[in-house]
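Just below is one structure, and these are the notes that go with it.
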Amino acid sequence: MAAPRENVSLLFKLYCLAVMTLVAAAYTIALRYTRTSDRELYFSTTAVCITEVIKLLLSVGILAKETGSPGRFKASIRENVLGSPKELMKLSVPSLVYAVQNNMAFLALSNLDAAVYQVTYQLKIPCTALCTVLMLNRTLSKLQWISVFMLCGGVILVQWEPAQATKVVVEQNPLLGFGAVAIAVLCSGFAGVYFEKVLKSSDTSLWVRNIQMYLSGIVVTLVGVYLSDGAEIKEKGFFYGYTYYVWFVIFLASVGGLYTSVVVKYTDNIMKGFSAAAAIVLSTIASVMLFGLQITLTFALGTLLVCVSIYLYGLPRQDTTSIQQGETASKERVGGT
């Protein structure tokens with residue numbers, strides 16, 4: 001009877017892998033399309049704000065289902081949200097950082113091809129690794145350090161001679177795009193590790209933490225909307241330039257983030273690494289077809305290096321202590337015979 005359960009588990013993991021891959025690739029391609037089409041350009045700050053609102057509503061709905069009754073749901077909100085201003089302030093830190101990261105993604109994809117962005121954005125792995133070492137006092141294996149340097153080398157190759165998209169007619173600034181990605185990956189690394197540290201500091205529900213973070217996120221992004229585009233929004237409207245494609249990008253950003261947080265416990269690092277590599281391949285194929293991306297040799301080599309490094313970074317660590325103990329025991333048995 002154990003075999004069927006394992007088969008179901010494997011199928012579910014493959015389902016998670018497929019969805020994560022498709023969401024990552026589709027988000028990048030769709031966002032790139034909305035920022036380079038010849039239609040009226042929407043305000044990216046408003047899209048980031050709406051994404052936070054949708055994430056909050058979804059998290060509230062999931063928490064209501066998790067608690068099981070209206071009474072327990074109200075008590076949880078009253079205790080952990082309304083009655084915990086310190087916790088809200090604590091979660092305002094990653095809210096601010098994530099807001100910067102999400103806005104930088106829009107800026108980057110306004111100036112870089114989707115495939116180039118997807119590869120370069122993998123710099124979040126070494127950034128996260130560094131933050132993990134500094135903030136959580138963890139250590140990396142030699143293989144992980146090698147893979148980190150390999151990934152950086154791959155990104156350098158990709159950026160050395162950036163692939164050009166022949167079908168994109170809007171003016172672009174690759175240097176600005178790379179700078180935006182650099183800020184985004186720094187934000188991603190810090191905010192992700194900070195949020196993990198907060199989660200592990202107590203047994204508070206993930207969805208309660210998400211609600212606390214998204215409440216702060218809405219305030220932060222609204223301030224960003226006002227400071228960045230306030231005057232133009234007053235003149236043109238909050239939803240100026242919105243199309244079905246823009247709403248699709250917002251949907252992917254909202255659901256994708258929550259979905260990843262749910263399925264992450266069902267997948268291992270190897271599967272997540274494979275998902276990231278597969279998303280790069282899909283983004284490259286879509287960029288060639290939709291944007292006329294011309295792949296260079298340095299781009300191909302750099303992308304290959306990045307994909308291999310992602311795989312190596314996710315390999316499980318070898319337990320050297322158990323190996324050493326096993327070798328000692330075997331030597332004793334040999335000596336005793």
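Ligands are numbered from 1 in the order shown, chains are lettered A, B, ... in the order of the structure tokens, and residues start at 1 in each chain.
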At a cut-off of 9 Å, can you tabulate as JSON lines every residue of segment 227-288 of chain A near segment 31-51 of chain A together with its closest atom pair and the distance in Å to one decimal, using only C-alpha atoms and ordering rows by chain then number?
{"residue": "A:Ser228", "atom": "CA", "partner": "A:Thr45", "partner_atom": "CA", "distance": 7.7}
{"residue": "A:Asp229", "atom": "CA", "partner": "A:Phe43", "partner_atom": "CA", "distance": 7.3}
{"residue": "A:Ile233", "atom": "CA", "partner": "A:Phe43", "partner_atom": "CA", "distance": 8.1}
{"residue": "A:Phe238", "atom": "CA", "partner": "A:Thr46", "partner_atom": "CA", "distance": 6.8}
{"residue": "A:Phe239", "atom": "CA", "partner": "A:Tyr42", "partner_atom": "CA", "distance": 7.3}
{"residue": "A:Tyr240", "atom": "CA", "partner": "A:Tyr42", "partner_atom": "CA", "distance": 5.6}
{"residue": "A:Gly241", "atom": "CA", "partner": "A:Tyr42", "partner_atom": "CA", "distance": 4.2}
{"residue": "A:Tyr242", "atom": "CA", "partner": "A:Tyr42", "partner_atom": "CA", "distance": 5.9}
{"residue": "A:Thr243", "atom": "CA", "partner": "A:Thr34", "partner_atom": "CA", "distance": 8.7}
{"residue": "A:Tyr245", "atom": "CA", "partner": "A:Thr34", "partner_atom": "CA", "distance": 6.7}
{"residue": "A:Val246", "atom": "CA", "partner": "A:Thr34", "partner_atom": "CA", "distance": 6.4}
{"residue": "A:Trp247", "atom": "CA", "partner": "A:Ala47", "partner_atom": "CA", "distance": 8.3}
{"residue": "A:Phe248", "atom": "CA", "partner": "A:Leu31", "partner_atom": "CA", "distance": 8.9}
{"residue": "A:Val249", "atom": "CA", "partner": "A:Leu31", "partner_atom": "CA", "distance": 5.9}
{"residue": "A:Ile250", "atom": "CA", "partner": "A:Thr51", "partner_atom": "CA", "distance": 5.7}
{"residue": "A:Phe251", "atom": "CA", "partner": "A:Thr51", "partner_atom": "CA", "distance": 7.5}
{"residue": "A:Ala253", "atom": "CA", "partner": "A:Thr51", "partner_atom": "CA", "distance": 6.6}
{"residue": "A:Ser254", "atom": "CA", "partner": "A:Thr51", "partner_atom": "CA", "distance": 5.3}
Could the residues in this selection be saved with all heavy atoms as a short mmCIF file (atom, residue, chain, number, x, y, z; two decimals), in the first residue's frame?
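Final file, again_29.cif:
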data_model
loop_
_atom_site.label_atom_id
_atom_site.label_comp_id
_atom_site.auth_asym_id
_atom_site.auth_seq_id
_atom_site.Cartn_x
_atom_site.Cartn_y
_atom_site.Cartn_z
N SER A 228 6.02 58.84 -6.07
CA SER A 228 6.57 58.62 -7.40
C SER A 228 5.67 59.15 -8.52
O SER A 228 6.16 59.81 -9.44
CB SER A 228 6.82 57.13 -7.61
OG SER A 228 7.35 56.87 -8.89
N ASP A 229 4.38 58.86 -8.43
CA ASP A 229 3.49 59.18 -9.55
C ASP A 229 2.24 59.96 -9.12
O ASP A 229 1.27 60.01 -9.87
CB ASP A 229 3.05 57.88 -10.25
CG ASP A 229 4.23 57.07 -10.74
OD1 ASP A 229 5.06 57.64 -11.49
OD2 ASP A 229 4.33 55.88 -10.39
N ILE A 233 -1.04 60.60 -11.49
CA ILE A 233 -2.21 59.78 -11.17
C ILE A 233 -3.44 60.66 -10.93
O ILE A 233 -4.56 60.32 -11.33
CB ILE A 233 -1.93 58.87 -9.95
CG1 ILE A 233 -0.94 57.77 -10.35
CG2 ILE A 233 -3.21 58.25 -9.41
CD1 ILE A 233 -0.46 56.92 -9.19
N PHE A 238 -5.85 56.34 -11.33
CA PHE A 238 -5.07 55.27 -10.71
C PHE A 238 -4.85 54.10 -11.67
O PHE A 238 -3.80 53.48 -11.69
CB PHE A 238 -5.81 54.77 -9.45
CG PHE A 238 -4.98 53.90 -8.55
CD1 PHE A 238 -4.18 54.46 -7.56
CD2 PHE A 238 -5.01 52.51 -8.67
CE1 PHE A 238 -3.42 53.66 -6.73
CE2 PHE A 238 -4.26 51.71 -7.83
CZ PHE A 238 -3.46 52.29 -6.86
N PHE A 239 -5.87 53.78 -12.47
CA PHE A 239 -5.81 52.62 -13.37
C PHE A 239 -5.49 53.01 -14.81
O PHE A 239 -5.83 52.28 -15.74
CB PHE A 239 -7.12 51.84 -13.30
CG PHE A 239 -7.43 51.28 -11.94
CD1 PHE A 239 -8.36 51.91 -11.11
CD2 PHE A 239 -6.78 50.16 -11.48
CE1 PHE A 239 -8.65 51.40 -9.86
CE2 PHE A 239 -7.06 49.64 -10.22
CZ PHE A 239 -7.98 50.26 -9.40
N TYR A 240 -4.84 54.12 -14.99
CA TYR A 240 -4.49 54.57 -16.34
C TYR A 240 -3.57 53.56 -17.02
O TYR A 240 -2.58 53.09 -16.44
CB TYR A 240 -3.77 55.92 -16.26
CG TYR A 240 -3.25 56.42 -17.58
CD1 TYR A 240 -4.11 56.99 -18.52
CD2 TYR A 240 -1.90 56.31 -17.90
CE1 TYR A 240 -3.62 57.46 -19.74
CE2 TYR A 240 -1.40 56.77 -19.11
CZ TYR A 240 -2.27 57.34 -20.03
OH TYR A 240 -1.80 57.78 -21.23
N GLY A 241 -3.90 53.20 -18.26
CA GLY A 241 -3.07 52.30 -19.05
C GLY A 241 -3.27 50.83 -18.76
O GLY A 241 -2.60 49.97 -19.34
N TYR A 242 -4.22 50.49 -17.87
CA TYR A 242 -4.44 49.09 -17.51
C TYR A 242 -5.13 48.35 -18.65
O TYR A 242 -6.08 48.85 -19.26
CB TYR A 242 -5.29 48.99 -16.25
CG TYR A 242 -4.48 49.02 -14.97
CD1 TYR A 242 -3.62 50.08 -14.70
CD2 TYR A 242 -4.55 47.99 -14.04
CE1 TYR A 242 -2.87 50.13 -13.54
CE2 TYR A 242 -3.81 48.02 -12.88
CZ TYR A 242 -2.97 49.09 -12.63
OH TYR A 242 -2.22 49.12 -11.48
N THR A 243 -4.63 47.13 -18.94
CA THR A 243 -5.23 46.24 -19.92
C THR A 243 -5.40 44.87 -19.27
O THR A 243 -4.99 44.66 -18.12
CB THR A 243 -4.34 46.10 -21.17
OG1 THR A 243 -3.09 45.48 -20.77
CG2 THR A 243 -4.06 47.45 -21.80
N TYR A 245 -3.71 42.34 -20.00
CA TYR A 245 -2.37 41.81 -19.77
C TYR A 245 -1.78 42.33 -18.45
O TYR A 245 -1.08 41.60 -17.74
CB TYR A 245 -1.44 42.21 -20.93
CG TYR A 245 -1.80 41.55 -22.24
CD1 TYR A 245 -2.34 42.29 -23.29
CD2 TYR A 245 -1.61 40.18 -22.43
CE1 TYR A 245 -2.67 41.69 -24.50
CE2 TYR A 245 -1.93 39.58 -23.63
CZ TYR A 245 -2.47 40.33 -24.66
OH TYR A 245 -2.80 39.73 -25.84
N VAL A 246 -2.06 43.59 -18.14
CA VAL A 246 -1.59 44.16 -16.87
C VAL A 246 -2.22 43.43 -15.69
O VAL A 246 -1.55 43.07 -14.72
CB VAL A 246 -1.88 45.67 -16.80
CG1 VAL A 246 -1.44 46.24 -15.44
CG2 VAL A 246 -1.17 46.41 -17.93
N TRP A 247 -3.53 43.19 -15.78
CA TRP A 247 -4.22 42.46 -14.72
C TRP A 247 -3.69 41.03 -14.61
O TRP A 247 -3.62 40.46 -13.50
CB TRP A 247 -5.73 42.45 -14.97
CG TRP A 247 -6.37 43.75 -14.62
CD1 TRP A 247 -6.91 44.66 -15.47
CD2 TRP A 247 -6.55 44.30 -13.30
NE1 TRP A 247 -7.40 45.75 -14.78
CE2 TRP A 247 -7.20 45.55 -13.45
CE3 TRP A 247 -6.21 43.87 -12.01
CZ2 TRP A 247 -7.52 46.35 -12.36
CZ3 TRP A 247 -6.53 44.67 -10.93
CH2 TRP A 247 -7.17 45.89 -11.11
N PHE A 248 -3.29 40.45 -15.74
CA PHE A 248 -2.71 39.10 -15.73
C PHE A 248 -1.38 39.11 -14.98
O PHE A 248 -1.09 38.19 -14.21
CB PHE A 248 -2.52 38.61 -17.16
CG PHE A 248 -1.97 37.21 -17.27
CD1 PHE A 248 -2.62 36.14 -16.67
CD2 PHE A 248 -0.79 36.98 -17.97
CE1 PHE A 248 -2.10 34.85 -16.77
CE2 PHE A 248 -0.27 35.70 -18.07
CZ PHE A 248 -0.93 34.63 -17.48
N VAL A 249 -0.57 40.14 -15.20
CA VAL A 249 0.70 40.28 -14.48
C VAL A 249 0.45 40.39 -12.97
O VAL A 249 1.13 39.74 -12.16
CB VAL A 249 1.49 41.51 -14.98
CG1 VAL A 249 2.67 41.83 -14.06
CG2 VAL A 249 1.98 41.28 -16.40
N ILE A 250 -0.52 41.21 -12.59
CA ILE A 250 -0.87 41.38 -11.18
C ILE A 250 -1.34 40.06 -10.58
O ILE A 250 -0.97 39.70 -9.45
CB ILE A 250 -1.94 42.48 -11.02
CG1 ILE A 250 -1.34 43.84 -11.39
CG2 ILE A 250 -2.50 42.50 -9.61
CD1 ILE A 250 -2.37 44.96 -11.46
N PHE A 251 -2.16 39.32 -11.34
CA PHE A 251 -2.65 38.01 -10.88
C PHE A 251 -1.49 37.05 -10.64
O PHE A 251 -1.41 36.39 -9.60
CB PHE A 251 -3.62 37.43 -11.92
CG PHE A 251 -3.94 35.98 -11.70
CD1 PHE A 251 -4.84 35.60 -10.72
CD2 PHE A 251 -3.33 35.00 -12.47
CE1 PHE A 251 -5.13 34.26 -10.50
CE2 PHE A 251 -3.61 33.65 -12.27
CZ PHE A 251 -4.52 33.28 -11.28
N ALA A 253 1.66 37.78 -10.07
CA ALA A 253 2.48 38.25 -8.95
C ALA A 253 1.81 37.93 -7.61
O ALA A 253 2.48 37.56 -6.64
CB ALA A 253 2.71 39.75 -9.07
N SER A 254 0.49 38.06 -7.56
CA SER A 254 -0.25 37.82 -6.31
C SER A 254 -0.32 36.35 -5.96
O SER A 254 0.08 35.92 -4.87
CB SER A 254 -1.67 38.38 -6.43
OG SER A 254 -1.66 39.74 -6.78
#
Which neighbours of Arg78 of chain A fall inside 12 Å, counting only C-alpha atoms, when residues of the same chain fewer than 6 positions from it are skipped, and could you give them as a tab-separated table (two decimals) with N, CA and C atoms, in the first residue's frame?
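Saved as selection_22.tsv:
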chain	number	residue	atom	x	y	z
A	71	GLY	N	-15.31	32.54	15.02
A	71	GLY	CA	-14.86	32.98	16.33
A	71	GLY	C	-13.35	32.91	16.48
A	72	ARG	N	-12.77	31.77	16.08
A	72	ARG	CA	-11.31	31.61	16.17
A	72	ARG	C	-10.60	32.55	15.20
A	84	SER	N	-1.22	43.71	18.07
A	84	SER	CA	0.24	43.51	18.03
A	84	SER	C	0.93	44.57	17.17
A	85	PRO	N	0.90	45.82	17.61
A	85	PRO	CA	1.56	46.87	16.81
A	85	PRO	C	3.06	46.64	16.66
A	208	VAL	N	-0.86	34.45	9.31
A	208	VAL	CA	-0.91	35.63	10.18
A	208	VAL	C	0.27	36.54	9.87
A	212	GLN	N	0.20	40.40	8.45
A	212	GLN	CA	0.94	41.51	9.07
A	212	GLN	C	1.84	42.20	8.05
Can you list, as a PyMOL selection string, every residue of segment 142-238 of chain A that DSSP puts in helix (DSSP H, G or I)?
-> chain A and resi 142-160+174-200+206-236
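In terms of minimum interatomic distance to Thr120 of chain A, A:Val181 ranks closest within A:Leu175, A:Leu293, A:Leu107, A:Val181, counting only C-alpha atoms.
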Choose the residue, out of A:Leu297, A:Val148, A:Val53, A:Ile156, that has the smallest atom-to-atom separation from Leu130 of chain A; count only C-alpha atoms.
-> A:Val148
Near-Met135 of chain A list (12 Å; only C-alpha atoms; drop same-chain fewer than 4 positions) as a VMD selection string = chain A and resid 127 to 131 139 189 to 198
For the atom pair atom CA of Leu199 of chain A and atom CA of Leu82 of chain A, what is the interatomic distance in Å to one decimal place?
->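 Here the two named atoms are 18.5 Å from each other.
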When distances are computed from only C-alpha atoms, which of A:Ser216, A:Gln122, A:Ser283, A:Thr221 shows the smallest separation from Tyr313 of chain A?
-> A:Gln122
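Here atom CA of Lys236 of chain A is placed at a distance of 20.9 Å from atom CA of Ser110 of chain A.
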Taking the DSSP assignment computed from this structure's backbone, write out as a list in words all residues of segment 116-323 of chain A that belong to strand (DSSP E or B).
->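 In segment 116-323 of chain A, DSSP puts these residues in strand (DSSP E or B): Gln164, Ala165, Leu293 and Gln294 of chain A.
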C-alpha atoms of the current selection, written as an mmCIF file, in the first residue's frame:
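Full text of result-v7.cif as output:
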data_model
loop_
_atom_site.group_PDB
_atom_site.id
_atom_site.type_symbol
_atom_site.label_atom_id
_atom_site.label_comp_id
_atom_site.auth_asym_id
_atom_site.auth_seq_id
_atom_site.Cartn_x
_atom_site.Cartn_y
_atom_site.Cartn_z
ATOM 1 C CA GLN A 164 19.372 42.029 -28.331
ATOM 2 C CA ALA A 165 15.626 41.841 -28.997
ATOM 3 C CA LEU A 293 15.771 37.817 -29.084
ATOM 4 C CA GLN A 294 19.071 37.096 -30.814
#
